Amino acid sequence: MGPFRHILEQHVEDASFLWVLRSHAVNQPHYNYAEISELERRIENNLDGIMTSLSRAWPICIDACAFEEGGEAFVLAVTAFRSLEMDKIKTAVDFGFLNDDTYKGLVSALAWLPGRFSHEWIKKFFSSKDLRHKTLALNACSLRSEDPGAYLNRILERDDCIANEALYSRALRCIGEFKRQDLAPLLSARENCEEASEPCFWSLWSSILLGEKGLANSLEPFVLTENPCREKAISLAFRVLPLDVAKAWISKLAEDEQNMRLVIKATAALGDPQAVTWLIQLMRNPLHARLSAEAFCFITGIDIESRELVLDVPDITVFEIDEEKMEDVSLDEDEHLPWPDTDRLAIIWEKYGSNMSPGQRYFMGKPVNVETCKTIVRNGTQRQRSAAAFELALLDSQMALINVKARCVPLLES
C-alpha cells in the first residue's frame, strides 16, 4: 500500500485519539458546546478518510484493536456499520463487549452514526435473545436521545429482563430520561428490590424526574453511605429536598472529613447563598480550593476567570497538608479548574452577596428558572450544561432530560 497505508493509519490513530479526547472533554469544566462540536468535526473528517478505501483500512482498524481501548473500538464499529457488511459488524460488536472501555466505544459508535446506519441494528439488538444486546440498545437510545418506545415496555414486562440487574437498571433509568409517564406505575416495583440496590435507586431517580419529588427523602441511604450511585443521588437529592432537610444531610455528610468533596458538590447542587461564605473559607485549603470555587460559580454565576479573580498555581508548600492527599487521583477532575483569588472573592461577596435571598435556590446567579437553564445549556461549559439540563428536567415533568454528552445537534430554541 506504500504511502497510502500511512495515510490510513494516521486516520485510524487520529480518530481513536480524538474520540478519547472528546470522551474526557464532555465531562470537563473548560469545554463548551462549540469546542465539543469542533472535536466532532475533526473526528468525522478522519472517519471519512478511513472510508475512502475500506478494503485497505479495515485490516488497519483490526490491528489497532490490539490495544483493546475505547477509541479503537469506536473507530472499528463506525467503520463496520458504515460498511453494511455483516461479518465486519459482528467483529466490531464482539470486540465492543471485550471490556468496559471497548463497550463505551461501541455504544458511542451507535450513537454517532446517522439513523440509516444504526436504527435497524438497534432494533435487532432490542429483539435479540442476548440480554447484553438489549442493554446495548437502551444505552444507544439514551446517547442518541431517542425514546426506545414499545421496546422499553417489553423489556419491563419480561421476568428475565427484570432479573438482569444491569438491564433492569438501565430500563428504569430510561423511564425518567424520556419522561415516560405511561410507565410510571412500573416504578413502584422498587418495593420488591433489594434495599440500596441500583434498580431501587434508578426507580427512585425516575420517579422524582416524573414529578414525585416527595420521594427525595428515600434517597438518604444512597446519599449518606458508600455506593455506586452516590454522586448521582447527591446531584438529584439536593436539588429537590426541602432546604432544612438538605442542610441536615449536608451536616451528616460533613461529619466524615473524607466526604468533603461530596459536601462541596452537594452544596453546589443545593444552591443556597448562605453557604457561599463557607465555600470562600474552604478555598484557602488547596485540597478543596478549585472545587469550592466551581461551586461558588454555580451558585453566584460569577465567572472568576473572565473577571480575573484567579491566581497562578499557588505555592502549596506553605500549607501543612498530606502530600498523598494532593496526589489523590480523584483530584484529576479539578485539573482544568482555575485557582481562585480568595481574598478578592471575599471582598466581592461582601459587596454583592446581600443581593441574593436566603432560603432561595440559585443557579448561576439567578433563582432556578427555565430561561437561565436554557441559556446555560446553549452557552455554558460542560459541567454547567449538565447541571442546567438536570434542572430543566426537574422543572418540567414532561420535558425529556437533555443529554449534554450526546453528539452535538441544534440547541434549544429560546
# chains A, B, ... in the order shown; residues from 1 in each chain; ligands from 1

call {"tool": "residues_around", "arguments": {"residues": "A:Arg290", "least_positions_apart": "5", "cutoff": "12 Å", "atoms": "only C-alpha atoms", "output": "PDB file with N, CA and C atoms, in the first residue's frame"}}
result
ATOM      1  N   PRO A  29     -14.656  21.011  32.835  1.00  0.00           N
ATOM      2  CA  PRO A  29     -15.200  22.341  33.125  1.00  0.00           C
ATOM      3  C   PRO A  29     -14.756  23.422  32.147  1.00  0.00           C
ATOM      4  N   ARG A 261     -15.352  16.466  49.517  1.00  0.00           N
ATOM      5  CA  ARG A 261     -15.638  16.760  48.109  1.00  0.00           C
ATOM      6  C   ARG A 261     -17.118  16.543  47.804  1.00  0.00           C
ATOM      7  N   ILE A 264     -19.045  19.514  49.110  1.00  0.00           N
ATOM      8  CA  ILE A 264     -18.951  20.671  48.214  1.00  0.00           C
ATOM      9  C   ILE A 264     -19.899  20.509  47.027  1.00  0.00           C
ATOM     10  N   LYS A 265     -19.947  19.315  46.465  1.00  0.00           N
ATOM     11  CA  LYS A 265     -20.845  19.067  45.329  1.00  0.00           C
ATOM     12  C   LYS A 265     -22.309  19.172  45.748  1.00  0.00           C
ATOM     13  N   LEU A 279     -17.848  28.403  51.551  1.00  0.00           N
ATOM     14  CA  LEU A 279     -17.081  27.979  50.378  1.00  0.00           C
ATOM     15  C   LEU A 279     -15.833  28.830  50.201  1.00  0.00           C
ATOM     16  N   ILE A 280     -15.953  30.129  50.430  1.00  0.00           N
ATOM     17  CA  ILE A 280     -14.790  31.019  50.306  1.00  0.00           C
ATOM     18  C   ILE A 280     -13.730  30.648  51.334  1.00  0.00           C
ATOM     19  N   LEU A 282     -13.266  27.720  52.534  1.00  0.00           N
ATOM     20  CA  LEU A 282     -12.717  26.431  52.114  1.00  0.00           C
ATOM     21  C   LEU A 282     -11.720  26.595  50.970  1.00  0.00           C
ATOM     22  N   MET A 283     -11.851  27.668  50.203  1.00  0.00           N
ATOM     23  CA  MET A 283     -10.924  27.915  49.099  1.00  0.00           C
ATOM     24  C   MET A 283      -9.495  28.153  49.584  1.00  0.00           C
ATOM     25  N   ARG A 284      -9.334  28.450  50.845  1.00  0.00           N
ATOM     26  CA  ARG A 284      -7.991  28.677  51.382  1.00  0.00           C
ATOM     27  C   ARG A 284      -7.241  27.363  51.590  1.00  0.00           C
ATOM     28  N   ASN A 285      -7.941  26.257  51.468  1.00  0.00           N
ATOM     29  CA  ASN A 285      -7.320  24.937  51.551  1.00  0.00           C
ATOM     30  C   ASN A 285      -7.070  24.444  50.127  1.00  0.00           C
ATOM     31  N   ALA A 295     -18.098  25.501  42.798  1.00  0.00           N
ATOM     32  CA  ALA A 295     -19.394  25.549  43.488  1.00  0.00           C
ATOM     33  C   ALA A 295     -19.840  26.994  43.685  1.00  0.00           C
ATOM     34  N   PHE A 296     -18.890  27.864  44.023  1.00  0.00           N
ATOM     35  CA  PHE A 296     -19.163  29.301  44.171  1.00  0.00           C
ATOM     36  C   PHE A 296     -19.764  29.858  42.879  1.00  0.00           C
ATOM     37  N   CYS A 297     -19.166  29.493  41.750  1.00  0.00           N
ATOM     38  CA  CYS A 297     -19.657  29.964  40.451  1.00  0.00           C
ATOM     39  C   CYS A 297     -21.053  29.422  40.155  1.00  0.00           C
ATOM     40  N   ILE A 304     -15.006  33.501  37.591  1.00  0.00           N
ATOM     41  CA  ILE A 304     -13.797  34.059  38.203  1.00  0.00           C
ATOM     42  C   ILE A 304     -12.676  34.237  37.187  1.00  0.00           C
ATOM     43  N   GLU A 305     -12.702  33.495  36.083  1.00  0.00           N
ATOM     44  CA  GLU A 305     -11.655  33.673  35.069  1.00  0.00           C
ATOM     45  C   GLU A 305     -11.890  34.937  34.252  1.00  0.00           C
ATOM     46  N   VAL A 310      -8.482  35.052  39.569  1.00  0.00           N
ATOM     47  CA  VAL A 310      -7.746  33.795  39.670  1.00  0.00           C
ATOM     48  C   VAL A 310      -6.283  34.070  39.978  1.00  0.00           C
ATOM     49  N   LEU A 311      -5.620  33.018  40.439  1.00  0.00           N
ATOM     50  CA  LEU A 311      -4.203  33.069  40.740  1.00  0.00           C
ATOM     51  C   LEU A 311      -3.461  32.110  39.832  1.00  0.00           C
ATOM     52  N   VAL A 313      -0.760  29.020  39.720  1.00  0.00           N
ATOM     53  CA  VAL A 313      -0.715  27.878  40.635  1.00  0.00           C
ATOM     54  C   VAL A 313      -0.011  28.306  41.912  1.00  0.00           C
ATOM     55  N   PRO A 314      -0.681  28.203  43.068  1.00  0.00           N
ATOM     56  CA  PRO A 314      -0.086  28.683  44.317  1.00  0.00           C
ATOM     57  C   PRO A 314       1.026  27.776  44.817  1.00  0.00           C
ATOM     58  N   LEU A 331      -8.637  14.006  42.474  1.00  0.00           N
ATOM     59  CA  LEU A 331      -8.441  15.428  42.225  1.00  0.00           C
ATOM     60  C   LEU A 331      -8.236  15.722  40.738  1.00  0.00           C
ATOM     61  N   ASP A 332      -8.108  14.686  39.900  1.00  0.00           N
ATOM     62  CA  ASP A 332      -7.928  14.906  38.473  1.00  0.00           C
ATOM     63  C   ASP A 332      -9.075  15.714  37.883  1.00  0.00           C
ATOM     64  N   GLU A 333     -10.262  15.586  38.440  1.00  0.00           N
ATOM     65  CA  GLU A 333     -11.400  16.327  37.906  1.00  0.00           C
ATOM     66  C   GLU A 333     -11.252  17.826  38.149  1.00  0.00           C
ATOM     67  N   ASP A 334     -10.299  18.217  38.982  1.00  0.00           N
ATOM     68  CA  ASP A 334     -10.033  19.636  39.232  1.00  0.00           C
ATOM     69  C   ASP A 334      -8.966  20.198  38.297  1.00  0.00           C
ATOM     70  N   GLU A 335      -8.357  19.338  37.502  1.00  0.00           N
ATOM     71  CA  GLU A 335      -7.161  19.721  36.752  1.00  0.00           C
ATOM     72  C   GLU A 335      -7.349  20.989  35.928  1.00  0.00           C
ATOM     73  N   HIS A 336      -8.500  21.155  35.328  1.00  0.00           N
ATOM     74  CA  HIS A 336      -8.725  22.301  34.446  1.00  0.00           C
ATOM     75  C   HIS A 336      -9.573  23.391  35.090  1.00  0.00           C
ATOM     76  N   LEU A 337      -9.706  23.330  36.404  1.00  0.00           N
ATOM     77  CA  LEU A 337     -10.385  24.402  37.132  1.00  0.00           C
ATOM     78  C   LEU A 337      -9.361  25.439  37.566  1.00  0.00           C
ATOM     79  N   PRO A 338      -9.715  26.719  37.554  1.00  0.00           N
ATOM     80  CA  PRO A 338      -8.771  27.765  37.956  1.00  0.00           C
ATOM     81  C   PRO A 338      -8.596  27.827  39.468  1.00  0.00           C
ATOM     82  N   TRP A 339      -7.440  28.340  39.883  1.00  0.00           N
ATOM     83  CA  TRP A 339      -7.191  28.584  41.307  1.00  0.00           C
ATOM     84  C   TRP A 339      -7.786  29.946  41.672  1.00  0.00           C
ATOM     85  N   PRO A 340      -8.651  30.003  42.648  1.00  0.00           N
ATOM     86  CA  PRO A 340      -9.329  31.269  42.974  1.00  0.00           C
ATOM     87  C   PRO A 340      -8.451  32.228  43.775  1.00  0.00           C
ATOM     88  N   ASP A 341      -8.630  33.516  43.525  1.00  0.00           N
ATOM     89  CA  ASP A 341      -8.033  34.561  44.363  1.00  0.00           C
ATOM     90  C   ASP A 341      -9.010  34.792  45.514  1.00  0.00           C
ATOM     91  N   THR A 342      -8.790  34.075  46.595  1.00  0.00           N
ATOM     92  CA  THR A 342      -9.768  34.022  47.682  1.00  0.00           C
ATOM     93  C   THR A 342     -10.016  35.382  48.319  1.00  0.00           C
TER      94      THR A 342
END

call {"tool": "residues_around", "arguments": {"residues": "A:Glu177", "least_positions_apart": "4", "cutoff": "10 Å", "atoms": "only C-alpha atoms", "output": "ChimeraX atom specification"}}
result
/A:142,145,147,171-173,205-206,209-210,390,393,399-403

call {"tool": "write_last_selection", "arguments": {"atoms": "C-alpha atoms", "output": "short mmCIF file (atom, residue, chain, number, x, y, z; two decimals), in the first residue's frame"}}
result
data_model
loop_
_atom_site.label_atom_id
_atom_site.label_comp_id
_atom_site.auth_asym_id
_atom_site.auth_seq_id
_atom_site.Cartn_x
_atom_site.Cartn_y
_atom_site.Cartn_z
CA SER A 142 -30.07 7.19 25.61
CA SER A 145 -31.70 10.97 22.81
CA ASP A 147 -37.10 7.18 23.04
CA ALA A 171 -34.58 0.38 31.62
CA LEU A 172 -35.75 2.07 34.82
CA ARG A 173 -33.39 4.96 34.15
CA TRP A 205 -34.47 8.66 40.33
CA SER A 206 -37.00 8.26 37.54
CA LEU A 209 -37.92 13.20 37.46
CA LEU A 210 -41.51 12.33 36.63
CA PHE A 390 -30.89 18.39 35.01
CA ALA A 393 -35.83 18.17 33.59
CA MET A 399 -39.52 17.52 29.31
CA ALA A 400 -37.02 14.78 28.49
CA LEU A 401 -33.59 15.05 30.09
CA ILE A 402 -31.13 16.66 27.67
CA ASN A 403 -28.01 14.52 27.33
#

call {"tool": "atom_distance", "arguments": {"atom1": "atom CA of A:Glu165", "atom2": "atom CA of A:Thr102"}}
result
20.6 Å

call {"tool": "closest_atom_pairs", "arguments": {"of": "stretch 153-267 of chain A", "to": "stretch 354-361 of chain A", "cutoff": "12 Å", "atoms": "only C-alpha atoms", "output": "Markdown table"}}
result
| residue | atom | partner | partner_atom | distance |
| --- | --- | --- | --- | --- |
| A:Phe238 | CA | A:Arg361 | CA | 10.1 |
| A:Arg239 | CA | A:Arg361 | CA | 8.4 |
| A:Val240 | CA | A:Arg361 | CA | 9.9 |
| A:Leu241 | CA | A:Arg361 | CA | 10.9 |
| A:Pro242 | CA | A:Gly359 | CA | 9.8 |
| A:Leu243 | CA | A:Gly359 | CA | 7.1 |
| A:Asp244 | CA | A:Gly359 | CA | 9.2 |
| A:Ala246 | CA | A:Arg361 | CA | 11.5 |
| A:Lys247 | CA | A:Gly359 | CA | 11.1 |
| A:Thr267 | CA | A:Arg361 | CA | 10.6 |

call {"tool": "atom_distance", "arguments": {"atom1": "atom CA of A:Leu224", "atom2": "atom CA of A:Val404"}}
result
27.3 Å

call {"tool": "select_by_dssp", "arguments": {"residues": "stretch 193-409 of chain A", "states": "alpha helix (DSSP H)", "output": "ChimeraX atom specification"}}
result
/A:198-209,220-224,230-240,243-254,260-270,276-282,289-300,323-326,342-352,370-379,382-395
